[in-house]
Structures are given as C-alpha cells and as structure tokens.
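J.: Have a peek at model.csv (CSV, C-alpha atoms).
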```csv
chain,number,residue,atom,x,y,z
A,98,MET,CA,-144.3,-15.2,-30.0
A,99,GLU,CA,-146.6,-18.0,-31.0
A,100,GLY,CA,-143.9,-19.7,-33.1
A,101,ILE,CA,-141.7,-20.3,-30.0
A,102,ASN,CA,-142.2,-23.8,-28.5
A,103,LYS,CA,-140.6,-25.5,-25.6
A,104,THR,CA,-136.9,-26.0,-25.7
A,105,SER,CA,-137.2,-29.7,-26.2
A,106,LYS,CA,-139.2,-29.3,-29.4
A,107,ILE,CA,-136.8,-26.8,-31.1
A,108,GLN,CA,-135.1,-28.3,-34.2
A,109,PHE,CA,-132.4,-27.0,-36.4
A,110,PHE,CA,-131.9,-27.9,-40.1
A,111,PHE,CA,-129.0,-26.9,-42.3
A,112,ARG,CA,-129.4,-25.3,-45.7
A,113,PRO,CA,-128.1,-27.6,-48.5
A,114,PHE,CA,-125.2,-26.3,-50.7
A,115,SER,CA,-127.3,-27.0,-53.7
A,116,THR,CA,-130.9,-28.0,-54.6
A,117,HIS,CA,-129.6,-30.7,-57.0
A,118,PRO,CA,-129.0,-34.1,-55.5
A,119,ASP,CA,-126.1,-34.9,-57.9
A,120,VAL,CA,-124.2,-31.7,-56.8
A,121,GLN,CA,-124.9,-32.6,-53.2
A,122,LEU,CA,-123.4,-36.0,-53.7
A,123,VAL,CA,-120.3,-34.5,-55.3
A,124,ILE,CA,-119.8,-32.2,-52.4
A,125,PHE,CA,-120.4,-35.1,-50.0
A,126,ALA,CA,-117.7,-37.1,-51.7
A,127,ALA,CA,-115.3,-34.1,-51.5
A,128,PHE,CA,-116.1,-33.5,-47.8
A,129,LEU,CA,-115.7,-37.2,-47.0
A,130,VAL,CA,-112.3,-37.4,-48.8
A,131,MET,CA,-111.1,-34.3,-46.9
A,132,TYR,CA,-112.3,-35.6,-43.6
A,133,LEU,CA,-110.6,-39.0,-44.0
A,134,THR,CA,-107.5,-37.4,-45.3
A,135,SER,CA,-107.4,-35.1,-42.3
A,136,LEU,CA,-107.9,-38.0,-39.9
A,137,SER,CA,-105.2,-40.1,-41.4
A,138,GLY,CA,-102.7,-37.2,-41.8
A,139,ASN,CA,-103.1,-35.9,-38.2
A,140,ALA,CA,-103.2,-39.4,-36.8
A,141,THR,CA,-100.0,-40.3,-38.7
A,142,ILE,CA,-98.2,-37.3,-37.1
A,143,ALA,CA,-99.4,-38.1,-33.6
A,144,ILE,CA,-98.3,-41.8,-34.0
A,145,ILE,CA,-95.0,-40.9,-35.6
A,146,VAL,CA,-94.1,-38.6,-32.7
A,147,GLN,CA,-95.2,-41.2,-30.2
A,148,VAL,CA,-93.2,-44.2,-31.6
A,149,ASN,CA,-90.0,-42.3,-32.5
A,150,HIS,CA,-87.9,-41.4,-29.4
A,151,SER,CA,-85.9,-38.9,-31.5
A,152,LEU,CA,-89.0,-36.8,-31.7
A,153,HIS,CA,-89.7,-36.8,-28.0
A,154,THR,CA,-88.9,-33.1,-27.7
A,155,PRO,CA,-91.1,-30.1,-26.8
A,156,MET,CA,-91.6,-29.0,-30.4
A,157,TYR,CA,-92.9,-32.4,-31.5
A,158,PHE,CA,-94.9,-32.8,-28.3
A,159,PHE,CA,-96.8,-29.7,-29.1
A,160,LEU,CA,-97.2,-30.7,-32.8
A,161,ALA,CA,-98.6,-34.1,-31.8
A,162,ASN,CA,-101.1,-32.4,-29.5
A,163,LEU,CA,-102.1,-30.0,-32.2
A,164,ALA,CA,-102.7,-33.0,-34.5
A,165,VAL,CA,-104.9,-34.7,-31.9
A,166,LEU,CA,-106.8,-31.4,-31.4
A,167,GLU,CA,-107.3,-31.2,-35.2
A,168,ILE,CA,-108.8,-34.7,-35.2
A,169,PHE,CA,-111.4,-33.9,-32.6
A,170,TYR,CA,-112.0,-30.4,-34.0
A,171,THR,CA,-112.9,-31.7,-37.5
A,172,SER,CA,-114.8,-34.6,-36.0
A,173,SER,CA,-117.1,-32.2,-34.1
A,174,ILE,CA,-118.3,-30.9,-37.5
A,175,ALA,CA,-117.8,-33.5,-40.2
A,176,PRO,CA,-120.3,-36.3,-39.3
A,177,LEU,CA,-123.3,-34.1,-39.1
A,178,ALA,CA,-122.3,-32.1,-42.2
A,179,LEU,CA,-121.9,-35.4,-44.1
A,180,ALA,CA,-125.3,-36.7,-42.9
A,181,ASN,CA,-126.9,-33.4,-43.9
A,182,LEU,CA,-125.4,-33.5,-47.4
A,183,VAL,CA,-126.7,-37.0,-48.1
A,184,SER,CA,-130.2,-36.1,-46.8
A,185,MET,CA,-130.4,-32.9,-48.8
A,186,GLY,CA,-130.8,-30.8,-45.7
A,187,LYS,CA,-133.4,-33.0,-44.0
A,188,THR,CA,-131.2,-34.1,-41.1
A,189,SER,CA,-132.3,-32.2,-38.0
A,190,VAL,CA,-130.5,-31.5,-34.8
A,191,SER,CA,-132.1,-30.6,-31.5
A,192,ILE,CA,-131.2,-27.4,-29.6
A,193,THR,CA,-129.2,-29.6,-27.2
A,194,GLY,CA,-127.3,-31.2,-30.0
A,195,CYS,CA,-126.7,-27.9,-31.7
A,196,GLY,CA,-125.4,-26.4,-28.4
A,197,THR,CA,-123.2,-29.4,-27.8
A,198,GLN,CA,-121.6,-29.1,-31.3
A,199,MET,CA,-121.1,-25.4,-30.9
A,200,PHE,CA,-119.5,-25.9,-27.4
A,201,PHE,CA,-116.9,-28.5,-28.7
A,202,PHE,CA,-116.2,-26.6,-31.9
A,203,VAL,CA,-115.4,-23.3,-30.0
A,204,PHE,CA,-113.6,-25.2,-27.2
A,205,LEU,CA,-111.3,-27.1,-29.6
A,206,GLY,CA,-110.9,-24.2,-31.9
A,207,GLY,CA,-110.0,-21.9,-29.0
A,208,ALA,CA,-107.5,-24.4,-27.6
A,209,ASP,CA,-106.0,-24.7,-31.1
A,210,CYS,CA,-105.4,-21.0,-31.4
A,211,VAL,CA,-103.8,-20.8,-27.9
A,212,LEU,CA,-101.6,-23.9,-28.7
A,213,LEU,CA,-100.3,-22.2,-31.8
A,214,ALA,CA,-99.1,-19.3,-29.6
A,215,VAL,CA,-97.5,-21.8,-27.3
A,216,MET,CA,-95.7,-23.3,-30.3
A,217,ALA,CA,-94.4,-19.9,-31.2
A,218,TYR,CA,-93.1,-19.4,-27.7
A,219,ASP,CA,-91.3,-22.8,-28.0
A,220,ARG,CA,-89.6,-21.7,-31.2
A,221,PHE,CA,-88.7,-18.3,-29.6
A,222,VAL,CA,-86.9,-20.1,-26.7
A,223,ALA,CA,-85.2,-22.6,-29.0
A,224,ILE,CA,-83.8,-20.0,-31.3
A,225,CYS,CA,-83.1,-17.1,-29.0
A,226,TYR,CA,-82.0,-19.1,-25.9
A,227,PRO,CA,-80.7,-22.4,-27.3
A,228,LEU,CA,-78.3,-23.1,-24.4
A,229,ARG,CA,-81.2,-22.7,-21.9
A,230,TYR,CA,-83.8,-24.4,-24.0
A,231,THR,CA,-84.0,-27.7,-22.2
A,232,LEU,CA,-83.9,-25.9,-18.8
A,233,ILE,CA,-86.8,-23.5,-19.7
A,234,MET,CA,-88.9,-25.9,-21.8
A,235,ASN,CA,-89.0,-28.8,-19.3
A,236,TRP,CA,-91.6,-31.5,-19.5
A,237,PRO,CA,-93.7,-30.3,-16.6
A,238,LEU,CA,-94.0,-26.8,-18.2
A,239,CYS,CA,-94.9,-28.4,-21.6
A,240,VAL,CA,-97.7,-30.4,-20.0
A,241,LYS,CA,-99.0,-27.3,-18.2
A,242,LEU,CA,-98.9,-25.2,-21.4
A,243,VAL,CA,-101.0,-27.9,-23.2
A,244,ALA,CA,-103.4,-28.2,-20.3
A,245,GLY,CA,-103.6,-24.4,-20.1
A,246,SER,CA,-104.6,-24.3,-23.8
A,247,LEU,CA,-107.5,-26.7,-23.1
A,248,VAL,CA,-108.6,-24.8,-20.0
A,249,LEU,CA,-108.6,-21.5,-21.8
A,250,GLY,CA,-110.6,-23.1,-24.7
A,251,PHE,CA,-113.1,-24.4,-22.2
A,252,LEU,CA,-113.4,-21.1,-20.4
A,253,LEU,CA,-114.0,-19.4,-23.8
A,254,SER,CA,-116.6,-21.9,-25.1
A,255,LEU,CA,-118.8,-22.4,-22.1
A,256,PRO,CA,-120.0,-18.8,-21.5
A,257,LEU,CA,-120.3,-18.1,-25.2
A,258,THR,CA,-122.5,-21.2,-25.9
A,259,THR,CA,-124.6,-20.5,-22.8
A,260,LEU,CA,-125.0,-16.8,-23.8
A,261,ILE,CA,-126.3,-17.7,-27.3
A,262,PHE,CA,-128.7,-20.5,-26.3
A,263,GLN,CA,-130.4,-18.3,-23.7
A,264,LEU,CA,-131.9,-16.6,-26.7
A,265,PRO,CA,-135.5,-17.7,-27.8
A,266,PHE,CA,-135.7,-19.7,-31.1
A,267,PRO,CA,-138.7,-20.8,-33.3
A,268,SER,CA,-139.6,-24.4,-33.2
A,269,SER,CA,-138.1,-25.0,-36.7
A,270,ASN,CA,-135.0,-23.3,-38.0
A,271,GLU,CA,-132.9,-23.4,-41.1
A,272,ILE,CA,-129.3,-22.5,-40.5
A,273,TYR,CA,-127.5,-21.0,-43.5
A,274,HIS,CA,-124.5,-23.1,-42.7
A,275,PHE,CA,-123.4,-26.7,-42.5
A,276,TYR,CA,-122.8,-26.7,-38.7
A,277,CYS,CA,-124.0,-24.7,-35.7
A,278,ASP,CA,-121.7,-21.7,-36.0
A,279,MET,CA,-122.3,-18.8,-33.6
A,280,PRO,CA,-123.2,-16.0,-36.1
A,281,ALA,CA,-125.4,-18.3,-38.1
A,282,VAL,CA,-127.4,-19.5,-35.1
A,283,MET,CA,-127.7,-16.0,-33.5
A,284,HIS,CA,-129.3,-14.8,-36.8
A,285,LEU,CA,-132.3,-17.1,-36.2
A,286,ALA,CA,-133.1,-15.9,-32.7
A,287,CYS,CA,-136.5,-14.3,-32.0
A,288,ALA,CA,-135.0,-11.4,-30.1
A,289,ASP,CA,-132.7,-8.5,-30.3
A,290,THR,CA,-129.1,-10.0,-30.6
A,291,HIS,CA,-127.2,-6.7,-30.7
A,292,VAL,CA,-125.7,-7.2,-27.2
A,293,HIS,CA,-124.9,-10.8,-27.9
A,294,GLU,CA,-123.2,-9.9,-31.2
A,295,THR,CA,-121.2,-7.2,-29.4
A,296,VAL,CA,-120.1,-9.6,-26.7
A,297,LEU,CA,-119.1,-12.2,-29.3
A,298,TYR,CA,-117.1,-9.6,-31.3
A,299,ILE,CA,-115.3,-8.4,-28.2
A,300,ILE,CA,-114.4,-11.9,-26.9
A,301,SER,CA,-113.4,-13.0,-30.4
A,302,PHE,CA,-111.2,-9.9,-30.8
A,303,ILE,CA,-109.5,-10.6,-27.5
A,304,VAL,CA,-109.1,-14.4,-28.1
A,305,LEU,CA,-107.6,-13.8,-31.5
A,306,SER,CA,-105.6,-10.7,-31.0
A,307,ILE,CA,-103.7,-11.6,-27.8
A,308,PRO,CA,-102.3,-14.9,-29.1
A,309,LEU,CA,-101.6,-13.4,-32.5
A,310,SER,CA,-99.8,-10.5,-30.9
A,311,LEU,CA,-97.7,-12.9,-28.8
A,312,ILE,CA,-96.9,-14.9,-31.9
A,313,SER,CA,-95.9,-11.8,-33.8
A,314,ILE,CA,-93.7,-10.5,-31.0
A,315,SER,CA,-92.1,-14.0,-30.8
A,316,TYR,CA,-91.3,-13.9,-34.5
A,317,VAL,CA,-89.8,-10.4,-34.4
A,318,PHE,CA,-87.2,-11.8,-31.9
A,319,ILE,CA,-86.9,-15.0,-33.8
A,320,VAL,CA,-86.1,-13.3,-37.2
A,321,SER,CA,-83.7,-11.0,-35.5
A,322,ALA,CA,-81.9,-14.0,-33.9
A,323,ILE,CA,-81.9,-15.9,-37.2
A,324,LEU,CA,-80.4,-13.0,-39.1
A,325,GLY,CA,-77.6,-13.0,-36.6
A,326,ILE,CA,-76.6,-16.6,-37.3
A,327,ARG,CA,-73.4,-16.6,-39.3
A,328,SER,CA,-73.8,-20.1,-40.9
A,329,ALA,CA,-76.1,-20.2,-44.0
A,330,GLU,CA,-77.0,-23.8,-43.1
A,331,GLY,CA,-77.9,-22.7,-39.6
A,332,ARG,CA,-80.1,-19.9,-40.9
A,333,HIS,CA,-81.9,-22.2,-43.3
A,334,ARG,CA,-82.5,-24.8,-40.6
A,335,ALA,CA,-83.9,-22.2,-38.2
A,336,PHE,CA,-86.2,-20.7,-40.9
A,337,SER,CA,-87.4,-24.2,-42.0
A,338,THR,CA,-88.5,-25.1,-38.4
A,339,CYS,CA,-90.5,-21.8,-38.2
A,340,SER,CA,-91.9,-21.4,-41.7
A,341,SER,CA,-94.3,-24.3,-41.3
A,342,HIS,CA,-95.7,-22.8,-38.1
A,343,VAL,CA,-96.1,-19.4,-39.7
A,344,LEU,CA,-98.1,-20.9,-42.6
A,345,VAL,CA,-100.4,-22.7,-40.3
A,346,VAL,CA,-100.9,-19.6,-38.1
A,347,LEU,CA,-101.8,-17.5,-41.2
A,348,LEU,CA,-104.4,-20.1,-42.4
A,349,GLN,CA,-106.0,-20.5,-38.9
A,350,TYR,CA,-106.1,-16.9,-37.8
A,351,GLY,CA,-106.9,-15.5,-41.2
A,352,CYS,CA,-110.0,-17.6,-41.8
A,353,THR,CA,-111.2,-17.3,-38.2
A,354,SER,CA,-110.7,-13.5,-38.2
A,355,PHE,CA,-112.7,-13.2,-41.4
A,356,ILE,CA,-115.7,-15.0,-39.8
A,357,TYR,CA,-115.7,-13.5,-36.3
A,358,LEU,CA,-114.2,-10.1,-36.8
A,359,SER,CA,-115.9,-8.9,-40.0
A,360,PRO,CA,-118.4,-6.1,-39.5
A,361,ARG,CA,-122.0,-7.3,-39.3
A,362,SER,CA,-123.0,-5.1,-42.2
A,363,SER,CA,-120.4,-6.8,-44.5
A,364,TYR,CA,-121.0,-10.4,-43.3
A,365,SER,CA,-122.2,-12.7,-46.1
A,366,PRO,CA,-123.7,-16.0,-45.0
A,367,GLU,CA,-122.6,-17.7,-48.3
A,368,MET,CA,-119.1,-16.4,-48.1
A,369,GLY,CA,-119.0,-17.3,-44.4
A,370,ARG,CA,-120.0,-20.9,-45.2
A,371,ILE,CA,-117.2,-21.1,-47.9
A,372,VAL,CA,-114.5,-19.7,-45.6
A,373,SER,CA,-115.7,-22.1,-42.9
A,374,VAL,CA,-115.0,-25.0,-45.2
A,375,VAL,CA,-111.4,-23.8,-45.4
A,376,TYR,CA,-110.7,-23.9,-41.6
A,377,THR,CA,-112.9,-26.9,-40.8
A,378,PHE,CA,-111.9,-29.2,-43.6
A,379,ILE,CA,-109.0,-27.9,-45.6
A,380,THR,CA,-106.7,-26.4,-42.9
A,381,PRO,CA,-106.7,-29.7,-40.9
A,382,ILE,CA,-105.5,-31.4,-44.1
A,383,LEU,CA,-102.8,-28.8,-44.8
A,384,ASN,CA,-101.4,-28.8,-41.3
A,385,PRO,CA,-99.8,-32.3,-41.5
A,386,LEU,CA,-98.8,-31.7,-45.1
A,387,ILE,CA,-97.1,-28.4,-44.3
A,388,TYR,CA,-95.2,-29.8,-41.3
A,389,SER,CA,-94.2,-33.1,-43.0
A,390,MET,CA,-93.0,-31.5,-46.2
A,391,ARG,CA,-91.0,-28.7,-44.5
A,392,ASN,CA,-89.6,-30.7,-41.6
A,393,LYS,CA,-86.6,-33.0,-42.4
A,394,GLU,CA,-86.7,-34.7,-39.0
A,395,LEU,CA,-90.4,-35.6,-39.3
A,396,LYS,CA,-89.9,-36.9,-42.9
A,397,ASP,CA,-86.9,-39.0,-41.8
A,398,ALA,CA,-88.9,-40.4,-38.9
A,399,LEU,CA,-91.8,-41.2,-41.2
A,400,ARG,CA,-89.6,-43.1,-43.6
A,401,LYS,CA,-88.0,-45.0,-40.7
A,402,THR,CA,-91.4,-46.0,-39.4
A,403,LEU,CA,-92.7,-47.1,-42.8
A,404,ARG,CA,-89.6,-49.3,-43.3
A,405,LYS,CA,-90.6,-51.3,-40.2
A,406,PHE,CA,-93.8,-52.3,-42.0
```
Hey, can you dump this file as structure tokens for me?
T.:
Amino acid sequence: MEGINKTSKIQFFFRPFSTHPDVQLVIFAAFLVMYLTSLSGNATIAIIVQVNHSLHTPMYFFLANLAVLEIFYTSSIAPLALANLVSMGKTSVSITGCGTQMFFFVFLGGADCVLLAVMAYDRFVAICYPLRYTLIMNWPLCVKLVAGSLVLGFLLSLPLTTLIFQLPFPSSNEIYHFYCDMPAVMHLACADTHVHETVLYIISFIVLSIPLSLISISYVFIVSAILGIRSAEGRHRAFSTCSSHVLVVLLQYGCTSFIYLSPRSSYSPEMGRIVSVVYTFITPILNPLIYSMRNKELKDALRKTLRKF
C-alpha cells in the first residue's frame, strides 16, 4: 500500500456538483439561503418558546430543543459545504476534521431521531391520558428525556466514527459528497469494508426502526383516542397538534432510511448526495414552517412577540 501515508497527511476533498463555476455559484447561493433560513427559522422557534410563558409546556419544550438541535445539525455540514462550493472542490479537510464532522453529524442526527420519538410519546400521553398529563410529563422527566436523547446520540456516534476511521485511506481522497458521510467515506478505504458496512447497516436499522416503531405504536393509540372524541372541534385540535409531528417524522426518517438502509448494490452516490441535501438543508427549513403554520398557539405567540417590537 504505497499510497497510504501517515494519518496526519491524509486529506479529503469533496467532488463539486458541477464543473462549471457559474453553476457552482448558483448552488452556493441556494445552499446559503437555505442555511440562513434554517438558522433564522429554528432560532425564532427557540426564542419564541423561551420568551412566552404560555408556551412553557412539555410539548413546546421538546420543540424548542428540536429547533436547537437542527441549528447545530445543519451547522455541522453547511460551512464546509459552502466553502467547497466556492472553491470548486479545492477545499480540503484533514482526516481529523472529517472524523469530527462525521461524529457531530451522526451525534446530532441520532439525537434528533430519538427526540422525535420522545415528542410522539408526549403527544400520546397528552391525548390518551389528558387528566394525568401534567403528573406524568413533569419537568424532571422532560429534562431526562432530552438528556437521554443526547446520550443515545453520543453512544451511537462515537463507536461508528471510530470504526470507520480505523480503516486505512490513501493520502488524497475525493469524496463523492458534500460532507463526510459514512457510506461515502467508507467507499474510499484501502481495505475490505464488508464487515464495516454490515455493522453500519445493523446499527442504522436498530437506531431507525426502534424509534419509528415506538412512534407508530404511539400514533395507533393516538388516532384511536382522537376518533373517540365526540366534539368535532376537539378532534380537529388534536389532529392539528399531531399532524405537524407526523410530517416531520416522515421527512426525517424517510430520507435517512433511504441513505443508510438501501442495499449496497442499489446505492447511487449521486442520488445519495441529492437526498442528503433534503435532510441536511431542506428538512431543517421545513420543520419550523410546518410547526408554525399548523400550530395556532405558536402562531399567536409569534404575533404577540412581533407586536412588542
């Protein structure tokens, strides 16, 4: 393996979306607008929840934490992707930098998925056990659930990142992606990655299927409880508080499952890169839009806050 150098000398480059500078600049502008929109939208939700005492409930506590997670999640990807677009793929990152980006991306993405399951449990308790809701969803439990989401994300990310970067890499690598994603980086390794791919698939399946199963079970009970509500207004209110969450879950889990659970034989690097744009740039924009447009309390709090300025 003559092409393999010391770890400190290994560099990664990212393949440009296009060989034409004008096209790259258009994509740069689109990514920048999406990134700034995501930052402002999620920051607005976090601030609105913080400054409005009427929103100091478990549901909005989880929503604010999801918004903060989305800010850091997108920020672990966007700056390097933007720099790479401007430089036409000439911006390099060291193996340490690539590993750090991968760690935080998987850590925050994993915590995001777990938190969505926590939010489904919150809606399950609120709709199926309304009289016991404040007793069950007390503040110490809410804090523990958010902290647990972060811990599980960390415990997912650390071994996966360590596993992948134990592989040998050439001194210069071009990643067919715009960030250090696990399948794209493993593809460059100078060794048999069959075991690593199998481990990644198994862990991804467990991490995605267990929370999604819990979300699905929660919503079976939620829909059953909603259909039992006699008041049409009550049913509409209950559905409106859940529909936003369902849309976000479908976007997050759908795109992530496509990337990490697709058979290796059917995986397309180009399609993977396009789908990754959806859940790294577009989904963080849609989350605040979906929740704000479909949630009357949040819209009222936003109007109330804007009037103060």
J.: Applying 12 Å and only C-alpha atoms, which residues near Val120 of chain A remain after dropping the ones on its own chain fewer than 5 positions away? List them as a PyMOL selection string.
T.: chain A and resi 113-115+125-127+182-183+185
J.: Ranking A:Leu358, A:Leu403, A:Val282, A:Ala335 by minimum distance to Val296 of chain A and counting all atoms listed in the file, which one comes first?
T.: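 The answer is A:Leu358, which sits nearest to Val296 of chain A.
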J.: Just how far from atom CA of Gly186 of chain A is atom CA of Val203 of chain A, in Å to one decimal?
T.: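 Computing it gives 23.2 Å between the two atoms.
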J.: Could you jot down the atom CA of Lys241 of chain A to atom CA of Ile303 of chain A separation for me, Å, one decimal place?
T.: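 Going from atom CA of Lys241 of chain A over to atom CA of Ile303 of chain A, I get 21.8 Å.
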J.: Within 9 Å of (-114.8, -19.0, -24.7) (file coordinates; all atoms listed in the file), which protein or nucleic acid residues are there? I'd like them as a list in words.
T.: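 Those within range, by chain then number, are Phe200, Val203, Phe204, Gly207, Leu249, Gly250, Phe251, Leu252, Leu253, Ser254, Leu255, Pro256, Leu257, Thr258, Ile300, Ser301 and Val304 of chain A.
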J.: I'd like the interatomic distance between atom CA of Ile261 of chain A and atom CA of Asp289 of chain A, to a tenth of an Å.
T.: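 Answer for the atom CA of Ile261 of chain A to atom CA of Asp289 of chain A separation: 11.6 Å.
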J.: Measuring between all atoms listed in the file, which one of A:Phe336, A:Ser184, A:Ala208, A:Tyr276 shows the shortest distance to Gln121 of chain A?
T.: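 Using all atoms listed in the file, Gln121 of chain A sits closest to A:Ser184.
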J.: Calculated over only C-alpha atoms, which of the candidates A:Met368, A:Ile299, A:Leu179, A:Leu285 has the smallest distance to Val123 of chain A?
T.: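 Among the listed residues, the smallest separation from Val123 of chain A belongs to A:Leu179.
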J.: Let me make sure I understand: among A:Leu163, A:Ala286, A:Val240, A:Ile224, which one has the smallest atom-to-atom distance to Leu205 of chain A if we use only C-alpha atoms?
T.: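 Checking each candidate against Leu205 of chain A, we get A:Leu163 as the closest.
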J.: Which residues come within 12 Å of His291 of chain A, counting all atoms listed in the file, excluding same-chain residues fewer than 5 positions away, as a ChimeraX atom specification?
T.: /A:261,264,280,283-284,286,296-298,361
J.: Since we have the selection now, will you write its residues out, keeping C-alpha atoms, as a compact mmCIF listing (two decimals), keeping the file's coordinate frame?
T.:
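selection_22.txt written:
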```txt
# COMPACT_ATOMS: atom_id res chain seq x y z
CA ILE A 261 -126.30 -17.70 -27.30
CA LEU A 264 -131.90 -16.60 -26.70
CA PRO A 280 -123.20 -16.00 -36.10
CA MET A 283 -127.70 -16.00 -33.50
CA HIS A 284 -129.30 -14.80 -36.80
CA ALA A 286 -133.10 -15.90 -32.70
CA VAL A 296 -120.10 -9.60 -26.70
CA LEU A 297 -119.10 -12.20 -29.30
CA TYR A 298 -117.10 -9.60 -31.30
CA ARG A 361 -122.00 -7.30 -39.30
```
J.: Taking into account only C-alpha atoms, which residue in the set A:Phe355, A:Phe158, A:Tyr350, A:Tyr230 is nearest to Ser306 of chain A?
T.: A:Tyr350
J.: Please determine, counting all atoms listed in the file, which residue among A:Leu395, A:Val211, A:Val375, A:Cys195 has the shortest atom-to-atom distance to Ile107 of chain A.
T.: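 Result for the nearest residue to Ile107 of chain A: A:Cys195.
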J.: Give me the residues within 10 Å of Ile387 of chain A as a ChimeraX atom specification, counting only C-alpha atoms and dropping any in the same chain fewer than 6 places off.
T.: /A:340-342,344-345,380
J.: Considering all atoms listed in the file, return as a ChimeraX atom specification whatever protein or nucleic-acid residues lie within 9 Å of Phe128 of chain A, sequence-local ones (same chain, fewer than 3 positions apart) excluded.
T.: /A:123-125,131-133,175,178-179,374,378
J.: Rebuild segment 289-301 of chain A so that it carries N, CA, C and O atoms, then output the result as a short mmCIF file (atom, residue, chain, number, x, y, z; two decimals), in the coordinates of the input.
T.:
```cif
data_model
loop_
_atom_site.label_atom_id
_atom_site.label_comp_id
_atom_site.auth_asym_id
_atom_site.auth_seq_id
_atom_site.Cartn_x
_atom_site.Cartn_y
_atom_site.Cartn_z
N ASP A 289 -133.73 -9.40 -29.97
CA ASP A 289 -132.70 -8.50 -30.30
C ASP A 289 -131.33 -9.09 -29.91
O ASP A 289 -131.12 -9.39 -28.73
N THR A 290 -130.43 -9.30 -30.87
CA THR A 290 -129.10 -10.00 -30.60
C THR A 290 -127.98 -8.97 -30.61
O THR A 290 -126.83 -9.39 -30.66
N HIS A 291 -128.28 -7.68 -30.57
CA HIS A 291 -127.20 -6.70 -30.70
C HIS A 291 -126.18 -6.85 -29.55
O HIS A 291 -124.98 -6.82 -29.80
N VAL A 292 -126.66 -7.04 -28.32
CA VAL A 292 -125.70 -7.20 -27.20
C VAL A 292 -124.93 -8.48 -27.34
O VAL A 292 -123.71 -8.49 -27.11
N HIS A 293 -125.59 -9.56 -27.76
CA HIS A 293 -124.90 -10.80 -27.90
C HIS A 293 -123.83 -10.74 -29.03
O HIS A 293 -122.73 -11.27 -28.88
N GLU A 294 -124.16 -10.05 -30.11
CA GLU A 294 -123.20 -9.90 -31.20
C GLU A 294 -121.99 -9.04 -30.74
O GLU A 294 -120.85 -9.33 -31.11
N THR A 295 -122.27 -8.02 -29.95
CA THR A 295 -121.20 -7.20 -29.40
C THR A 295 -120.27 -7.98 -28.50
O THR A 295 -119.03 -7.89 -28.60
N VAL A 296 -120.87 -8.78 -27.61
CA VAL A 296 -120.10 -9.60 -26.70
C VAL A 296 -119.24 -10.62 -27.50
O VAL A 296 -118.06 -10.82 -27.22
N LEU A 297 -119.86 -11.25 -28.51
CA LEU A 297 -119.10 -12.20 -29.30
C LEU A 297 -117.96 -11.54 -30.05
O LEU A 297 -116.85 -12.09 -30.10
N TYR A 298 -118.18 -10.34 -30.57
CA TYR A 298 -117.10 -9.60 -31.30
C TYR A 298 -115.97 -9.27 -30.32
O TYR A 298 -114.79 -9.47 -30.65
N ILE A 299 -116.31 -8.78 -29.14
CA ILE A 299 -115.30 -8.40 -28.20
C ILE A 299 -114.44 -9.58 -27.73
O ILE A 299 -113.21 -9.54 -27.71
N ILE A 300 -115.14 -10.67 -27.38
CA ILE A 300 -114.40 -11.90 -26.90
C ILE A 300 -113.58 -12.45 -28.06
O ILE A 300 -112.42 -12.85 -27.85
N SER A 301 -114.13 -12.49 -29.29
CA SER A 301 -113.40 -13.00 -30.40
C SER A 301 -112.14 -12.15 -30.70
O SER A 301 -111.06 -12.69 -30.98
#
```
